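What follows is a set of notes on a single structure, which appears directly below.
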Amino acid sequence: MAKKIIIHKQAPVETPNTKVLHDTHASTFFMRFVESQKQSKTKKRGLTEQGCIELHAKTVDILNHCNPNNATNNDEVTHLVVGYVQSGKTMSFTALTALAKDNGYRVIIYLAGTKQNLVNQTAKRLEKDLIKNTPENHGAFRIHRSPTLNNASEIEGHLKLSDKPIILIPILKHQKHIENVKNIFQFSNIVHLMENETVLIIDDEADQASLNGFGRYNSKHEDELDKASKIYSEILNLRAVLPGNSYIQYTATPQANILIGMQDILSPRSHTLLNPGEGYVGGKLFFGMDENQELYQGRLIRTIPDDEILIRKKQEPQKLPKSLRDALRLHVLATAIVVKYLKIEDVYFLSMMVHVDQTKQWSKKYKKWIDNELNSWSVLLDKPDGHEDKNDLYEAFESLFPMAVEFYDKEQITFDKIKPLIKDVINDRKVYLVNTDKDAETEVDWERYTMHILVGAQMLDRGFTVENLATTYMPRCSQNTTNSDTIQQRCRFFGYKMPYIKSCRVFLPKVSVEYYMDYVHMEEELRSVLAECDSLIAAERKLLLSNEKLRPTRQNVLPVSIVNNKLTGCCATNAFNDPKLIRHNDEVVDGVLSKYSSKLSVLFDGGKDSYTHRGFKMTIDEAIEFLTNFQYKNYRDVMRKAATIRYLRYLCSMNVIKYVYFIQMAYKQPPRERPVDHITHEITSNLFQGRSVNYKGDTAYVGEDSITIQLYNICFKNSQPIGFPERAYTLAFNYPEELKAIYVSAEKEKQFNDEINEED
């Protein structure tokens with residue numbers, strides 16, 4: 001087995017990417033993929049000529065942020081790709097796969113979701129779009145779904161092939177599956193074959209499960225060893241055995257990825273903003289907030305009455321709600337109009353999603369109600385013409401017909417024309433239970449029926465594509481604080497639906513409608529900031545939330561309480577992990593001391609060199625730039641630095657502080673001697689010089705009205721490993737008690753210190 005790498009390296013943020021792509025105009029596999037997409041479902045997916053140009057530009061941009069295929073000596077890269085829900089992220093990373101093949105990469109690993117159906121969906125999509133739709137690609141792409149160490153020889157064999165196919169490995173986002181892949185790439189034969197090869201890791205829905213679920217816990221337990229959630233830990237371990245890897249995070253809800261802090265090991269350094277293709281329908285249109293608002297005016301959204309909302313243990317329907325019965329009838333009419341009567345091109349069926357409570361019992365109950373209702377309709381429609389019950393059923397459909405054709409030419413589409421089609425639609429249907437039960441159905445043969453109805457909860461959330469979704473019924477809602485990214489990921493009703501948008505309807509509780517409208521504002525604000533900035537460093541790391549009940553993301557990944565629990569008093573840090581880190585920080589510190597030499601002055605004169613310190617008042621921007629550039633490789637100090645930067649941004653935004661004290665400790669003296677354990681990379685004695693008769697101690701030399709950054713120059717007292725420098729810089733921080741109190745009080749007012757609401 002290969003030796004395990006234990007240092008997780010992240011590319012310095014200021015280092016420019018030097019990758020030079022092949023001539024993208026001659027990118028054979030990428031252009032084949034584009035041509036196959038132009039010929040397949042062009043209208044539904046929105047891949048027009050302009051869409052091809054946009055796809056090419058964005059794909060090149062993403063790959064330009066990755067390490068070259070042979071740059072194993074480069075630091076790791078983490079890049080964020082932000083799209084809308086159901087807007088073509090899978091197409092984007094499939095296009096990236098094709099371009100990666102053109103540029104000589106040999107392996108791509110896909111963290112394809114937390115449910116097996118998502119892994120299957122991704123694998124099938126890759127196979128269809130890269131191989132089946134393009135026969136000339138046969139042999140160029142080899143897919144190994146969810147491999148174990150038993151499959152290592154197969155992957156080894158494909159790596160040895162003379163035509164050098166690219167190996168595609170879609171796996172479940174689960175610690176065991178990630179560990180399996182890590183073990184494969186520690187297999188000695190494969191280590192040898194990959195000696196000069198970097199790997200792309202594509203994390204689909206990267207804000208889900210990948211991030212450290214103990215971010216909040218660690219911020220509240222300073223005296224304990226920091227914890228790491230299993231999937232997060234295994235992703236770090238996987239990256240550790242893949243030198244120079246590029247980790248590409250795809251998501252439509254990047255709040256968590258952004259808010260975890262710039263210095264988290266999985267925090268992205270750069271970003272690409274995806275724009276949806278023509279024909280995409282998202283939150284702005286559905287909620288009456290885009291250029292078509294005069295046409296639809298938000299009327300694609302229908303409100304579920306308060307007494308029909310499902311609130312577990314508080315309000316639970318005992319029979320099929322009337323609003324659901326109306327939604328079913330509207331869906332039947334929509335299918336009859338779009339598929340049977342208008343016969344819209346490429347639309348051979350329509351789907352309905354009933355997104356219930358997360359507990360399985362409610363999904364089963366709603367499915368049973370729906371099955372019984374549709375069966376009763378089928379029986380009634382078999383009755384002879386003129387039968388009273390049959391007439392009543394048709395009258396019920398006719399009463400909803402004006403709503404069904406609200407945006408159509410009402411002279412062209414009349415109920416008399418649609419009525420004969422209703423029976424066929426009802427009899428050509430399939431109702432699915434989509435959950436983890438043995439009798440559930442997560443694989444849908446979309447072309448087999450004219451009308452589909454999918455009932456479920458969490459498995460209908462992230463990543464699951466409901467083809468031709470026209471009707472959505474979502475009776476669940478939170479009465480307390482909820483997570484904006486969670487509710488947004490339930491919007492399976494977004495997508496390329498323009499050909500049949502006039503028949504789309506979404507049934508939601510009133511409070512959910514309000515949440516979604518707030519989210520659309522927040523999403524557009526975030527995208528506008530990302531669009532204006534060349535890097536995430538330049539972008540303000542904050543989110544606009546107009547509704548105080550709408551949290552940006554789940555709190556367990558965010559060290560929200562870190563100021564109250566850790567950022568207080570004086571704290572020393574350790575920046576001694578490896579020679580490369582030390583040399584990098586030397587350059588950062590020397591640059592700062594040179595740049596601000598005219599501002600440096602003696603702040604504390606103790607009468608002799610070891611007691612004399614100099615410094616100046618840094619602006620907040622200068623302090624953040626310095627801290628961003630100064631690097632750590634141990635988890636505790638990485639998170640402390642990230643929290644300090646967030647703290648500074650907050651205090652500045654509230655006009656509490658305007659500067660930070662920067663103090664170069666004992667600047668006239670040679671480096672202080674301190675013993676360092678080169679296994680733990682930590683000083684084994686106190687960094688600070690203590691009190692004496694003539695000296696108050698290092699921790700006394702801080703500013704009282706703002707945060708202080710102390711710079712220390714350390715000489716290693718014990719013997720060093722070969723190639724290790726004899727000295728290094730490190731930092732200490734002081735956080736005044738008064739500032740902590742201001743911060744925590746404001747956070748409580750915003751309800752950000754509440755424990756996470758376990759809605760999901």
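Residue numbering restarts at 1 for every chain of the structure tokens, chains are lettered A, B, ... in their displayed order, and ligands are numbered from 1 as they appear.
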Residue contacts of region 620-630 of chain A (7 Å, only C-alpha atoms) excluding same-chain residues fewer than 6 positions away, as a ChimeraX atom specification: /A:13,585,588,645,648,658-660
Strand (DSSP E or B) per DSSP on the backbone: members of region 117-308 of chain A, as a PyMOL selection string: chain A and resi 141-143+166-171+200-204+246-251+270-273+280-281+301-304
Could you pull the residues within 7 Å of region 672-676 of chain A, counting only C-alpha atoms, minus those fewer than 2 positions along the same chain, as a short mmCIF file (atom, residue, chain, number, x, y, z; two decimals) with N, CA and C atoms, in the first residue's frame?
```
data_model
loop_
_atom_site.label_atom_id
_atom_site.label_comp_id
_atom_site.auth_asym_id
_atom_site.auth_seq_id
_atom_site.Cartn_x
_atom_site.Cartn_y
_atom_site.Cartn_z
N PRO A 670 16.66 38.70 18.06
CA PRO A 670 16.67 37.50 17.21
C PRO A 670 15.42 36.66 17.51
N HIS A 678 7.60 17.97 15.87
CA HIS A 678 7.41 17.90 14.42
C HIS A 678 6.51 16.74 14.00
N HIS A 681 3.35 19.28 15.03
CA HIS A 681 3.59 20.62 14.48
C HIS A 681 3.16 21.72 15.45
N GLU A 682 3.31 21.49 16.73
CA GLU A 682 2.92 22.48 17.73
C GLU A 682 4.09 22.77 18.66
N ILE A 683 4.13 24.03 19.16
CA ILE A 683 5.10 24.40 20.18
C ILE A 683 4.80 23.64 21.46
N THR A 684 5.81 23.09 22.08
CA THR A 684 5.60 22.29 23.29
C THR A 684 5.79 23.10 24.56
N SER A 685 6.08 24.39 24.43
CA SER A 685 6.11 25.29 25.59
C SER A 685 5.26 26.50 25.26
N ASN A 713 8.41 35.79 15.82
CA ASN A 713 9.44 35.12 15.05
C ASN A 713 10.08 34.06 15.95
N ILE A 714 9.94 32.80 15.57
CA ILE A 714 10.32 31.68 16.44
C ILE A 714 11.51 30.93 15.85
N CYS A 715 12.48 30.64 16.71
CA CYS A 715 13.60 29.77 16.33
C CYS A 715 13.37 28.40 16.99
N PHE A 716 13.49 27.33 16.21
CA PHE A 716 13.23 25.99 16.73
C PHE A 716 14.40 25.53 17.60
N LYS A 717 14.08 25.26 18.85
CA LYS A 717 15.11 24.93 19.83
C LYS A 717 15.66 23.53 19.64
N ASN A 718 14.79 22.60 19.26
CA ASN A 718 15.21 21.22 19.08
C ASN A 718 15.70 20.99 17.65
#
```
Near-Ile426 (chain A) list (8 Å; only C-alpha atoms; drop same-chain fewer than 5 positions) as a list of chain:residue names: A:Val332, A:Leu374, A:Trp377, A:Ser378, A:Met451
Just-selected residues, N, CA and C atoms written as a short mmCIF file (atom, residue, chain, number, x, y, z; two decimals), in the first residue's frame:
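Output saved as result.cif:
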```cif
data_model
loop_
_atom_site.label_atom_id
_atom_site.label_comp_id
_atom_site.auth_asym_id
_atom_site.auth_seq_id
_atom_site.Cartn_x
_atom_site.Cartn_y
_atom_site.Cartn_z
N VAL A 332 -54.50 16.09 -14.55
CA VAL A 332 -55.14 15.30 -15.62
C VAL A 332 -55.45 16.21 -16.80
N LEU A 374 -57.85 7.98 -7.95
CA LEU A 374 -57.74 7.73 -9.39
C LEU A 374 -58.47 6.45 -9.79
N TRP A 377 -62.09 7.29 -10.06
CA TRP A 377 -62.39 8.02 -11.29
C TRP A 377 -62.43 7.06 -12.48
N SER A 378 -61.50 6.14 -12.52
CA SER A 378 -61.46 5.19 -13.63
C SER A 378 -62.74 4.36 -13.67
N MET A 451 -49.08 9.74 -17.96
CA MET A 451 -49.15 10.56 -16.76
C MET A 451 -48.45 9.85 -15.61
#
```
Among the residues A:Lys497, A:His79, A:Lys580, A:Lys599, the one that comes closest to Pro268 (chain A) [using only C-alpha atoms]: A:His79
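Checking A:Met498, A:Val241, A:Leu651, A:Val60 one by one against Ile707 (chain A), counting only C-alpha atoms, you find the shortest gap at A:Leu651.
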Near-Asp605 (chain A) list (12 Å; only C-alpha atoms; drop same-chain fewer than 4 positions) as number ranges by chain: A: 601, 609-615, 665-668, 694-696, 701
Helix (DSSP H, G or I) positions in region 41-211 of chain A, given as a count of residues only: 82
